[in-house]
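Data from target-v7.cif: mmCIF, C-alpha atoms and all ligand atoms
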data_coords
#
loop_
_atom_site.label_atom_id
_atom_site.label_comp_id
_atom_site.auth_asym_id
_atom_site.auth_seq_id
_atom_site.Cartn_x
_atom_site.Cartn_y
_atom_site.Cartn_z
CA MET I 172 6.90 1.41 16.55
CA LYS I 173 5.08 2.98 13.60
CA LEU I 174 1.71 2.29 11.97
CA SER I 175 1.57 3.06 8.25
CA PRO I 176 -1.98 2.62 6.89
CA SER I 177 -2.07 1.88 3.15
CA ILE I 178 -4.59 4.07 1.34
CA LEU I 179 -4.93 1.45 -1.42
CA SER I 180 -8.08 0.24 0.34
CA ALA I 181 -9.44 3.73 1.11
CA ASP I 182 -12.50 5.23 -0.54
CA PHE I 183 -10.85 7.36 -3.25
CA SER I 184 -14.00 9.44 -3.74
CA ARG I 185 -13.36 10.91 -0.29
CA LEU I 186 -9.62 10.43 0.08
CA GLY I 187 -9.01 13.69 1.94
CA ALA I 188 -11.49 12.76 4.65
CA GLU I 189 -10.14 9.19 4.90
CA ILE I 190 -6.62 10.51 5.44
CA LYS I 191 -7.78 13.04 7.98
CA SER I 192 -9.46 10.34 10.03
CA ILE I 193 -6.42 8.01 10.18
CA ASP I 194 -4.15 11.00 10.82
CA GLU I 195 -6.26 12.15 13.78
CA ALA I 196 -6.55 8.62 15.15
CA GLY I 197 -2.75 8.46 15.49
CA ALA I 198 -1.37 6.83 12.33
CA ASP I 199 2.38 7.54 12.17
CA TYR I 200 2.91 7.41 8.40
CA ILE I 201 0.72 7.30 5.29
CA HIS I 202 1.61 4.35 3.01
CA LEU I 203 1.13 4.92 -0.74
CA ASP I 204 1.29 1.96 -3.11
CA ILE I 205 2.44 2.87 -6.62
CA MET I 206 1.88 0.11 -9.21
CA ASP I 207 2.89 0.21 -12.87
CA GLY I 208 1.17 -2.82 -14.43
CA GLN I 209 4.63 -4.18 -15.30
CA PHE I 210 6.46 -5.05 -12.11
CA VAL I 211 3.08 -6.06 -10.68
CA PRO I 212 -0.02 -6.97 -12.70
CA ASN I 213 -2.09 -4.15 -11.26
CA LEU I 214 -2.20 -0.37 -11.78
CA SER I 215 -2.92 1.95 -8.87
CA PHE I 216 -2.22 5.69 -8.82
CA GLY I 217 0.71 8.00 -9.45
CA ILE I 218 2.41 11.26 -8.68
CA PRO I 219 -0.66 13.60 -8.69
CA VAL I 220 -2.22 11.53 -5.90
CA VAL I 221 0.97 11.74 -3.83
CA GLU I 222 0.91 15.53 -4.31
CA ALA I 223 -2.73 15.66 -3.25
CA VAL I 224 -2.10 13.58 -0.14
CA ARG I 225 0.85 15.82 0.77
CA LYS I 226 -1.56 18.76 0.96
CA VAL I 227 -3.89 17.17 3.52
CA THR I 228 -1.46 15.75 6.11
CA ASP I 229 1.84 16.57 7.80
CA LYS I 230 2.58 12.89 8.52
CA PRO I 231 5.55 11.36 6.67
CA LEU I 232 4.59 9.87 3.31
CA ASP I 233 5.84 6.29 3.05
CA VAL I 234 5.88 5.63 -0.70
CA HIS I 235 6.16 2.01 -1.86
CA LEU I 236 7.19 1.82 -5.51
CA MET I 237 6.10 -1.38 -7.23
CA ILE I 238 7.49 -0.21 -10.57
CA GLU I 239 10.26 -1.31 -12.92
CA GLU I 240 13.46 0.77 -12.79
CA PRO I 241 12.20 3.23 -10.17
CA ILE I 242 15.39 5.27 -10.54
CA ARG I 243 13.58 7.07 -13.38
CA TYR I 244 11.05 8.63 -11.00
CA ILE I 245 12.97 9.29 -7.77
CA GLU I 246 13.12 13.04 -8.27
CA ALA I 247 9.45 13.27 -9.24
CA PHE I 248 8.35 11.49 -6.05
CA GLN I 249 10.61 13.68 -3.95
CA GLU I 250 9.06 16.78 -5.49
CA ALA I 251 5.60 15.32 -4.88
CA GLY I 252 6.37 15.13 -1.15
CA ALA I 253 7.64 11.61 -0.40
CA ASP I 254 9.63 11.24 2.84
CA ILE I 255 10.43 7.52 2.61
CA LEU I 256 10.94 5.98 -0.83
CA THR I 257 11.03 2.20 -1.05
CA VAL I 258 12.06 0.31 -4.17
CA HIS I 259 11.93 -3.41 -4.93
CA VAL I 260 15.26 -5.20 -5.17
CA GLU I 261 13.73 -7.28 -7.99
CA ALA I 262 12.93 -4.13 -10.02
CA CYS I 263 16.35 -2.41 -9.97
CA LYS I 264 19.28 -3.14 -12.29
CA HIS I 265 21.52 -0.94 -10.16
CA LEU I 266 20.17 -1.13 -6.64
CA HIS I 267 23.07 0.63 -4.95
CA ARG I 268 22.87 3.57 -7.33
CA THR I 269 19.11 3.78 -6.87
CA LEU I 270 19.35 3.82 -3.06
CA SER I 271 22.16 6.39 -3.10
CA ARG I 272 20.10 8.67 -5.31
CA ILE I 273 17.16 8.48 -2.88
CA ARG I 274 19.39 9.51 0.02
CA GLU I 275 21.02 12.28 -2.02
CA LEU I 276 17.56 13.79 -2.35
CA ASP I 277 17.13 13.70 1.46
CA MET I 278 14.58 10.92 1.62
CA LYS I 279 14.85 7.73 3.65
CA ALA I 280 15.82 4.84 1.37
CA GLY I 281 13.87 1.61 1.65
CA VAL I 282 14.37 -1.71 -0.09
CA ALA I 283 11.49 -4.18 -0.49
CA LEU I 284 11.79 -7.95 -0.81
CA ASN I 285 9.16 -10.12 -2.46
CA PRO I 286 8.15 -13.22 -0.49
CA ALA I 287 10.43 -15.54 -2.51
CA THR I 288 13.48 -13.24 -2.36
CA SER I 289 16.29 -14.26 0.00
CA VAL I 290 17.58 -11.96 2.74
CA ASN I 291 21.06 -12.50 1.26
CA VAL I 292 20.38 -9.74 -1.29
CA LEU I 293 20.80 -7.32 1.62
CA ASN I 294 24.39 -8.41 2.41
CA TYR I 295 26.13 -5.60 0.57
CA ILE I 296 23.61 -2.80 0.94
CA PHE I 297 22.99 -2.61 4.69
CA ASP I 298 24.96 0.64 4.86
CA ASP I 299 22.82 2.17 2.12
CA VAL I 300 19.33 1.54 3.47
CA ASP I 301 17.24 3.08 6.22
CA LEU I 302 14.43 0.56 5.95
CA VAL I 303 13.85 -3.02 4.79
CA LEU I 304 10.30 -3.82 3.67
CA VAL I 305 9.35 -7.49 3.97
CA MET I 306 6.44 -8.27 1.65
CA SER I 307 4.18 -10.76 3.39
CA VAL I 308 1.99 -11.20 0.28
CA ASN I 309 2.89 -11.09 -3.40
CA PRO I 310 2.65 -7.40 -4.23
CA GLY I 311 -0.11 -6.07 -6.44
CA TYR I 312 -3.34 -6.24 -4.49
CA GLY I 313 -4.81 -5.36 -1.12
CA GLY I 314 -6.79 -7.86 0.91
CA GLN I 315 -4.59 -10.95 0.43
CA THR I 316 -3.66 -13.49 3.11
CA PHE I 317 -0.45 -13.16 5.16
CA ILE I 318 2.19 -15.77 4.20
CA PRO I 319 3.18 -17.34 7.57
CA GLY I 320 6.74 -18.20 6.47
CA MET I 321 7.52 -14.47 6.39
CA LEU I 322 7.70 -14.40 10.20
CA ASP I 323 10.96 -16.33 9.97
CA LYS I 324 12.28 -13.86 7.39
CA ILE I 325 11.48 -10.91 9.67
CA LYS I 326 13.29 -12.67 12.54
CA ARG I 327 16.34 -13.28 10.38
CA ILE I 328 16.59 -9.67 9.26
CA HIS I 329 16.10 -8.52 12.84
CA LYS I 330 18.92 -10.79 14.01
CA ILE I 331 21.30 -9.67 11.25
CA ALA I 332 20.55 -6.02 12.07
CA ASP I 333 21.20 -6.75 15.75
CA ASP I 334 24.48 -8.55 15.03
CA LYS I 335 25.65 -5.68 12.85
CA GLY I 336 24.63 -3.06 15.42
CA LEU I 337 22.16 -1.40 13.04
CA GLN I 338 19.86 -0.01 15.73
CA ASN I 339 18.33 2.54 13.38
CA LEU I 340 17.32 0.12 10.63
CA ASP I 341 13.53 0.02 10.26
CA ILE I 342 11.92 -3.32 9.50
CA GLU I 343 8.58 -2.75 7.78
CA VAL I 344 6.10 -5.51 6.96
CA ASP I 345 3.38 -5.17 4.33
CA GLY I 346 0.53 -7.45 3.26
CA GLY I 347 -2.23 -9.35 5.01
CA ILE I 348 -1.68 -7.80 8.43
CA THR I 349 -4.80 -7.81 10.61
CA LEU I 350 -5.68 -7.20 14.25
CA ASN I 351 -5.27 -10.96 14.74
CA ASN I 352 -1.70 -11.35 13.50
CA VAL I 353 -0.13 -7.93 14.14
CA SER I 354 1.29 -8.98 17.52
CA ALA I 355 3.10 -11.94 15.94
CA VAL I 356 4.60 -9.61 13.30
CA VAL I 357 5.81 -7.19 15.98
CA ASP I 358 7.16 -10.05 18.13
CA ALA I 359 9.18 -11.29 15.12
CA GLY I 360 11.00 -7.92 15.04
CA ALA I 361 9.01 -5.57 12.79
CA ASN I 362 8.75 -1.93 13.87
CA VAL I 363 6.78 -0.45 10.93
CA ILE I 364 3.40 -2.04 10.26
CA VAL I 365 1.48 -1.53 7.02
CA ALA I 366 -2.22 -2.37 6.89
CA GLY I 367 -4.73 -1.54 4.17
CA SER I 368 -7.95 -3.50 4.18
CA ALA I 369 -7.81 -4.13 7.93
CA ILE I 370 -7.84 -0.35 8.48
CA PHE I 371 -10.21 0.91 5.79
CA GLN I 372 -12.85 -1.81 5.94
CA GLY I 373 -15.17 -0.70 8.71
CA ASP I 374 -14.28 2.30 10.86
CA PRO I 375 -10.74 3.50 10.02
CA LYS I 376 -10.44 5.62 13.17
CA ALA I 377 -11.37 2.78 15.50
CA ASN I 378 -9.19 0.35 13.54
CA VAL I 379 -6.12 2.60 13.82
CA LYS I 380 -6.62 2.89 17.58
CA GLU I 381 -7.03 -0.87 17.96
CA PHE I 382 -3.90 -1.55 15.88
CA LEU I 383 -1.86 0.88 17.97
CA LYS I 384 -3.06 -0.85 21.17
CA ARG I 385 -1.98 -4.25 19.91
CA MET I 386 1.37 -3.06 18.59
CA TYR I 387 2.72 -1.84 21.94
C1 LIG E 1 0.27 -4.81 -1.71
C2 LIG E 1 0.54 -3.45 -1.14
C3 LIG E 1 0.06 -3.27 0.24
C4 LIG E 1 -1.44 -3.42 0.38
C5 LIG E 1 -1.69 -3.98 1.73
O1 LIG E 1 0.86 -4.94 -2.95
O2 LIG E 1 1.94 -3.19 -1.12
O3 LIG E 1 0.52 -2.09 0.84
O4 LIG E 1 -2.15 -2.22 0.26
O5 LIG E 1 -3.03 -4.28 1.82
P1 LIG E 1 -3.58 -5.32 2.88
O6 LIG E 1 -3.22 -4.80 4.25
O7 LIG E 1 -5.03 -5.32 2.62
O8 LIG E 1 -2.91 -6.64 2.59
ZN ZN E 2 2.69 -1.43 0.12
#

Any chance you could give the structure as structure tokens?
Amino acid sequence: MKLSPSILSADFSRLGAEIKSIDEAGADYIHLDIMDGQFVPNLSFGIPVVEAVRKVTDKPLDVHLMIEEPIRYIEAFQEAGADILTVHVEACKHLHRTLSRIRELDMKAGVALNPATSVNVLNYIFDDVDLVLVMSVNPGYGGQTFIPGMLDKIKRIHKIADDKGLQNLDIEVDGGITLNNVSAVVDAGANVIVAGSAIFQGDPKANVKEFLKRMY
């Protein structure tokens, strides 16, 4: 079980301190949301911020690329310090090639599915991914409401992974996760939990600790 706080909702004027506090409170990963204004309507931050975060924590950097044709930037994110690189199936012309390239550069390869995308897209790439990211909101913004139908999608992926004997496949869920629904997400089969606003609104340290309690 891993908690991956998304810094999208952090106070960027004191990002180093924000990361230090979630790191010390026991966050497993740091989730970084990269948005290009094309694949999603919003812009966030880019490679220099990933480099800066790399300098203030030893925790794995879980980089979520919400950008068109991410294959163009795989090397740059690896050099910036990414450990897990997740791309959207909807944003890749050649998904298999993209995932292979990520692994060639010694990062974990993740594939993200928008809420309306079927789990069937995973059929021929299970051998090429380390992590499946189920989006439980439409990507682009923090602070949205969890789409309840995504619990069924998590269960399905969990069952397929079980049937195929993929014990090492991580199932990550991102969007609208709060202290109130995190147990349901874990019960459905998720083992990597992303939370942004529910961590950084209020006291991030206390929120991380409370999340970790409810996840186990
Ligand atoms: C949404 C991002 C999320 C976002 C989650 O496009 O991928 O990682 O930061 O924020 P909350 O937890 O507030 O929904
Ligand atoms: Zn994300």

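Neighbouring residues of ligand LIG 1 (chain E) at a cut-off of 6 Å, counting all atoms listed in the file, are Ser177, Leu179, Asp204, Pro310, Gly311, Tyr312, Gly313, Gly314, Gln315, Asp345, Gly346, Gly347, Ile348, Ala366, Gly367, Ser368 and Ala369 of chain I.
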
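Excluding I:Met206 itself and same-chain residues fewer than 6 positions from it, the residues having an atom within 7 Å of it are Asn213, Leu214, Ser215, Phe216, Leu236, Met237 and Ile238 of chain I, counting only C-alpha atoms.
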
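Here the question is which of I:Phe317, I:Asp301, I:Asn309, I:Val282 gets nearest to I:Asn339 using only C-alpha atoms, and that residue is I:Asp301.
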
Test item: residues at most 8 Å from I:Ala196, all atoms listed in the file, excluding those fewer than 2 positions along its chain, as a tab-separated table (two decimals) with C-alpha atoms, keeping the file's coordinate frame:
chain	number	residue	atom	x	y	z
I	192	SER	CA	-9.46	10.34	10.03
I	193	ILE	CA	-6.42	8.01	10.18
I	194	ASP	CA	-4.15	11.00	10.82
I	198	ALA	CA	-1.37	6.83	12.33
I	376	LYS	CA	-10.44	5.62	13.17
I	377	ALA	CA	-11.37	2.78	15.50
I	379	VAL	CA	-6.12	2.60	13.82
I	380	LYS	CA	-6.62	2.89	17.58

Q. If you count all atoms listed in the file, which residues fall within 12 Å of I:Ile245, apart from same-chain ones fewer than 3 positions away, as JSON, numbers by chain?
A. {"I": [218, 234, 235, 236, 238, 240, 241, 242, 248, 249, 250, 251, 252, 253, 254, 255, 256, 257, 258, 268, 269, 270, 271, 272, 273, 274, 275, 276, 277, 278, 279, 280]}

Q: Measure the distance from atom CA of I:Val220 to atom CA of I:Gly208 in Å and round it to one decimal.
A: 17.0 Å
